[in-house]
Amino acid sequence: MMPSLTLGPVLFNWPVDRWRDFYARIADEAPVDTVIVGEIVCFKRAPFFADAMGEVVERLTAAGKTVWFASPILVGSDRERAAMRDLVTGEGMTIEANDMGALALLAGRPHAVGPMINLYNEATLAWLAGRGAVAVSLPAELPAASVATLAKAGREHGVAVEVQVFGRAPLAISARCYHARAHGLHKDGCQFVCGNDPDGLAVTTMDGQPFLAVNGTQTMSHGCLCLAEELEALVAMGVDRFRLSPQAVDMVRVAQAFRALIDGERDGRDVAAELGGLIDAPLVNGFFHDTAGARHVASAGAALPA
């Protein structure tokens with residue numbers, strides 16, 4: 001099976017016009033196969049995009065993209081639980097589950113499993129497959145040996161395995177909003193200050209070194225995960241799908257670069273060099289090479305499984 005490209009959901013709080021225009025361009029120009037939509041980080045943001053969602057989905061579908069809907073990462077209040085239940089029990093939609101509550105509601109129905117679910121071993125993959133999972137997106141912190149093991153298990157259970165190859169890595173989610181707190185605000189009166197940082201709010205150490213990025217209630221890597229140089233090895237492992245996580249850069253250009261890489265038309269180092277010039281953050285791949293995630297390992301050879 002030919003590897004495919006997935007565009008994950010927009011994780012940041014972009015203005016609705018920018019959000020709509022982003023997906024219009026993805027529909028018209030980006031060589032991605034599947035597009036995942038939905039507000040998964042903060043329930044308070046979702047109403048801003050609700051009226052535009054139908055238009056976006058229609059345009060993506062008309063362009064030949066497969067559209068999946070993502071469930072929220074962290075569901076707290078009764079209102080949030082009701083909204084999540086309405087989403088995942090809807091007819092005619094493929095859902096990517098990002099928390100255990102959504103998984104419980106999806107049992108017995110074909111669905112995808114997002115990278116926010118802790119999937120670290122073959123037993124968990126087998127359990128998910130038995131409950132109806134048709135695709136799983138692995139957590140960004142897995143090393144190459146684990147990816148290879150899970151890709152093999154995916155083939156055995158008929159489950160497509162996906163790996164994120166571009167975008168800030170999601171690391172944690174909290175019921176509290178550090179983005180609001182950083183501006184002296186409470187979560188309930190946040191004034192949506194996360195919208196001021198379309199690629200996340202930089203977090204530095206006490207001595208001023210870049211450390212992490214904050215996106216509302218979500219903690220992300222400072223560096224941009226990029227596995228362009230490792231893509232050939234990932235294909236050899238049997239990984240079926242490659243995820244691009246939207247950033248405030250030219251994502252059409254990113255998608256085109258990875259499509260050319262998948263098709264054997266470009267070299268991984270060449271693609272990595274191009275992408276490094278697009279984003280205002282260092283490229284990192286340390287997790288894949290079984291070292292600190294914030295590192296960049298220049299050569300792909302030594303850390304890959306035999």
# chains A, B, ... in the order shown; residues from 1 in each chain; ligands from 1
>>> residues_around(residues="A:Pro198", least_positions_apart="6", cutoff="12 Å", atoms="only C-alpha atoms", output="ChimeraX atom specification")
/A:10-15,18-19,192,213-216,246-249,280
>>> write_last_selection(atoms="N, CA, C and O atoms", output="PDB file, in the first residue's frame")
ATOM      1  N   VAL A  10      -5.890  21.695  13.276  1.00  0.00           N
ATOM      2  CA  VAL A  10      -5.224  22.916  13.722  1.00  0.00           C
ATOM      3  C   VAL A  10      -5.310  22.962  15.243  1.00  0.00           C
ATOM      4  O   VAL A  10      -6.408  22.939  15.811  1.00  0.00           O
ATOM      5  N   LEU A  11      -4.169  23.030  15.907  1.00  0.00           N
ATOM      6  CA  LEU A  11      -4.139  23.003  17.368  1.00  0.00           C
ATOM      7  C   LEU A  11      -4.182  24.401  17.978  1.00  0.00           C
ATOM      8  O   LEU A  11      -4.459  24.534  19.176  1.00  0.00           O
ATOM      9  N   PHE A  12      -3.924  25.419  17.182  1.00  0.00           N
ATOM     10  CA  PHE A  12      -3.788  26.773  17.699  1.00  0.00           C
ATOM     11  C   PHE A  12      -5.077  27.572  17.492  1.00  0.00           C
ATOM     12  O   PHE A  12      -5.932  27.204  16.682  1.00  0.00           O
ATOM     13  N   ASN A  13      -5.187  28.666  18.205  1.00  0.00           N
ATOM     14  CA  ASN A  13      -6.383  29.509  18.134  1.00  0.00           C
ATOM     15  C   ASN A  13      -6.202  30.573  17.055  1.00  0.00           C
ATOM     16  O   ASN A  13      -5.830  31.704  17.338  1.00  0.00           O
ATOM     17  N   TRP A  14      -6.470  30.181  15.811  1.00  0.00           N
ATOM     18  CA  TRP A  14      -6.385  31.109  14.694  1.00  0.00           C
ATOM     19  C   TRP A  14      -7.732  31.818  14.506  1.00  0.00           C
ATOM     20  O   TRP A  14      -8.790  31.222  14.761  1.00  0.00           O
ATOM     21  N   PRO A  15      -7.725  33.064  14.020  1.00  0.00           N
ATOM     22  CA  PRO A  15      -9.002  33.719  13.678  1.00  0.00           C
ATOM     23  C   PRO A  15      -9.774  32.871  12.668  1.00  0.00           C
ATOM     24  O   PRO A  15      -9.181  32.207  11.812  1.00  0.00           O
ATOM     25  N   ARG A  18      -8.886  33.223   8.989  1.00  0.00           N
ATOM     26  CA  ARG A  18      -7.606  32.594   8.655  1.00  0.00           C
ATOM     27  C   ARG A  18      -7.758  31.077   8.620  1.00  0.00           C
ATOM     28  O   ARG A  18      -7.216  30.410   7.737  1.00  0.00           O
ATOM     29  N   TRP A  19      -8.523  30.544   9.566  1.00  0.00           N
ATOM     30  CA  TRP A  19      -8.763  29.100   9.657  1.00  0.00           C
ATOM     31  C   TRP A  19      -9.484  28.602   8.400  1.00  0.00           C
ATOM     32  O   TRP A  19      -9.103  27.605   7.806  1.00  0.00           O
ATOM     33  N   PHE A 192      -9.224  34.824  25.595  1.00  0.00           N
ATOM     34  CA  PHE A 192      -8.693  34.123  24.424  1.00  0.00           C
ATOM     35  C   PHE A 192      -7.328  34.670  24.005  1.00  0.00           C
ATOM     36  O   PHE A 192      -7.045  34.849  22.819  1.00  0.00           O
ATOM     37  N   ALA A 213       6.752  25.259  24.339  1.00  0.00           N
ATOM     38  CA  ALA A 213       5.761  26.196  23.826  1.00  0.00           C
ATOM     39  C   ALA A 213       4.433  25.859  24.483  1.00  0.00           C
ATOM     40  O   ALA A 213       4.132  24.689  24.739  1.00  0.00           O
ATOM     41  N   VAL A 214       3.646  26.871  24.784  1.00  0.00           N
ATOM     42  CA  VAL A 214       2.341  26.686  25.416  1.00  0.00           C
ATOM     43  C   VAL A 214       1.261  27.106  24.430  1.00  0.00           C
ATOM     44  O   VAL A 214       1.365  28.142  23.772  1.00  0.00           O
ATOM     45  N   ASN A 215       0.217  26.300  24.344  1.00  0.00           N
ATOM     46  CA  ASN A 215      -0.923  26.575  23.470  1.00  0.00           C
ATOM     47  C   ASN A 215      -2.181  26.386  24.294  1.00  0.00           C
ATOM     48  O   ASN A 215      -2.741  25.289  24.361  1.00  0.00           O
ATOM     49  N   GLY A 216      -2.609  27.441  24.974  1.00  0.00           N
ATOM     50  CA  GLY A 216      -3.760  27.303  25.852  1.00  0.00           C
ATOM     51  C   GLY A 216      -3.454  26.347  26.984  1.00  0.00           C
ATOM     52  O   GLY A 216      -2.536  26.556  27.773  1.00  0.00           O
ATOM     53  N   PRO A 246      -0.423  21.186  11.560  1.00  0.00           N
ATOM     54  CA  PRO A 246      -0.394  22.558  11.054  1.00  0.00           C
ATOM     55  C   PRO A 246       0.366  23.526  11.957  1.00  0.00           C
ATOM     56  O   PRO A 246       0.209  23.526  13.177  1.00  0.00           O
ATOM     57  N   GLN A 247       1.189  24.340  11.332  1.00  0.00           N
ATOM     58  CA  GLN A 247       1.896  25.449  11.967  1.00  0.00           C
ATOM     59  C   GLN A 247       1.599  26.693  11.144  1.00  0.00           C
ATOM     60  O   GLN A 247       1.064  26.603  10.030  1.00  0.00           O
ATOM     61  N   ALA A 248       1.953  27.851  11.672  1.00  0.00           N
ATOM     62  CA  ALA A 248       1.694  29.112  10.971  1.00  0.00           C
ATOM     63  C   ALA A 248       2.768  29.370   9.915  1.00  0.00           C
ATOM     64  O   ALA A 248       3.455  30.389   9.930  1.00  0.00           O
ATOM     65  N   VAL A 249       2.922  28.395   9.026  1.00  0.00           N
ATOM     66  CA  VAL A 249       3.846  28.489   7.899  1.00  0.00           C
ATOM     67  C   VAL A 249       3.094  28.035   6.651  1.00  0.00           C
ATOM     68  O   VAL A 249       1.913  27.697   6.720  1.00  0.00           O
ATOM     69  N   ASP A 280      10.155  29.333  12.505  1.00  0.00           N
ATOM     70  CA  ASP A 280      11.015  30.055  13.429  1.00  0.00           C
ATOM     71  C   ASP A 280      11.258  29.218  14.688  1.00  0.00           C
ATOM     72  O   ASP A 280      10.940  29.623  15.803  1.00  0.00           O
TER      73      ASP A 280
END
>>> select_by_dssp(residues="stretch 5-172 of chain A", states="helix (DSSP H, G or I)", output="PyMOL selection string")
chain A and resi 16-29+43-62+78-88+100-106+122-130+144-157
>>> residues_around(residues="A:Pro115", least_positions_apart="2", cutoff="6 Å", atoms="only C-alpha atoms", output="MDAnalysis selection string")
chainID A and resid 117 137:139
>>> residues_around(residues="A:Pro110", least_positions_apart="2", cutoff="9 Å", atoms="only C-alpha atoms", output="list of chain:residue names")
A:Thr94, A:Ile95, A:Leu106, A:Ala107, A:Gly108, A:Ala112, A:Arg131, A:Gly132, A:Ala133, A:Val134
>>> select_by_dssp(residues="stretch 104-185 of chain A", states="strand (DSSP E)", output="list in words")
His111, Ala112, Val113, Ala133, Val134, Ala135, Val136, Ser137, Ala160, Val161, Glu162, Val163, Gln164, Val165, Phe166, Gly167, Arg168, Ala169, Pro170, Leu171, Ala172 and Ile173 of chain A
>>> closest_atom_pairs(of="stretch 165-246 of chain A", to="stretch 147-156 of chain A", cutoff="6 Å", atoms="only C-alpha atoms", output="tab-separated table")
residue	atom	partner	partner_atom	distance
A:Met237	CA	A:Ala148	CA	5.2
A:Gly238	CA	A:Ala151	CA	5.6
A:Val239	CA	A:Ala151	CA	5.6
>>> write_last_selection(atoms="N, CA and C atoms", output="PDB file, in the first residue's frame")
ATOM      1  N   MET A 237       9.884   0.271   7.727  1.00  0.00           N
ATOM      2  CA  MET A 237       9.299  -0.355   8.912  1.00  0.00           C
ATOM      3  C   MET A 237       7.860  -0.794   8.674  1.00  0.00           C
ATOM      4  N   GLY A 238       7.223  -0.224   7.666  1.00  0.00           N
ATOM      5  CA  GLY A 238       5.821  -0.542   7.398  1.00  0.00           C
ATOM      6  C   GLY A 238       4.847   0.504   7.884  1.00  0.00           C
ATOM      7  N   VAL A 239       5.323   1.701   8.215  1.00  0.00           N
ATOM      8  CA  VAL A 239       4.419   2.790   8.598  1.00  0.00           C
ATOM      9  C   VAL A 239       3.586   3.182   7.379  1.00  0.00           C
TER      10      VAL A 239
END
>>> closest_residue(among="A:Gly268, A:Gly200, A:Pro72, A:Gly158", to="A:Phe43", atoms="only C-alpha atoms")
A:Pro72
>>> residues_around(residues="A:Pro282", least_positions_apart="2", cutoff="10 Å", atoms="only C-alpha atoms", output="list of chain:residue names")
A:His222, A:Gly223, A:Cys224, A:Leu225, A:Cys226, A:Leu275, A:Gly276, A:Gly277, A:Ile279, A:Asp280, A:Val284, A:Ala294, A:Arg295, A:His296
>>> closest_residue(among="A:Val159, A:Met251, A:Ala144, A:Met93", to="A:Ala126", atoms="only C-alpha atoms")
A:Val159
>>> residues_around(residues="A:Val88", least_positions_apart="4", cutoff="10 Å", atoms="only C-alpha atoms", output="number ranges by chain")
A: 69-71, 83-84, 93-97, 101-103, 105-106, 111
>>> write_last_selection(atoms="C-alpha atoms", output="tab-separated table (two decimals), in the first residue's frame")
chain	number	residue	atom	x	y	z
A	69	PHE	CA	-13.40	14.61	12.86
A	70	ALA	CA	-11.24	14.75	15.97
A	71	SER	CA	-12.58	14.47	19.51
A	83	ALA	CA	-20.78	17.95	23.04
A	84	MET	CA	-18.26	15.13	22.77
A	93	MET	CA	-18.51	10.39	10.25
A	94	THR	CA	-15.13	8.83	10.96
A	95	ILE	CA	-13.92	9.97	14.37
A	96	GLU	CA	-10.34	10.21	15.59
A	97	ALA	CA	-10.54	9.62	19.34
A	101	GLY	CA	-14.22	8.66	26.96
A	102	ALA	CA	-14.48	8.93	23.20
A	103	LEU	CA	-13.00	5.45	22.83
A	105	LEU	CA	-18.44	5.56	23.01
A	106	LEU	CA	-16.86	4.35	19.77
A	111	HIS	CA	-12.71	4.73	14.13
>>> residues_around(residues="A:Ile36", least_positions_apart="6", cutoff="6 Å", atoms="only C-alpha atoms", output="VMD selection string")
chain A and resid 8 to 9 67 to 69
>>> atom_distance(atom1="atom CA of A:Val252", atom2="atom CA of A:Ile26")
6.4 Å
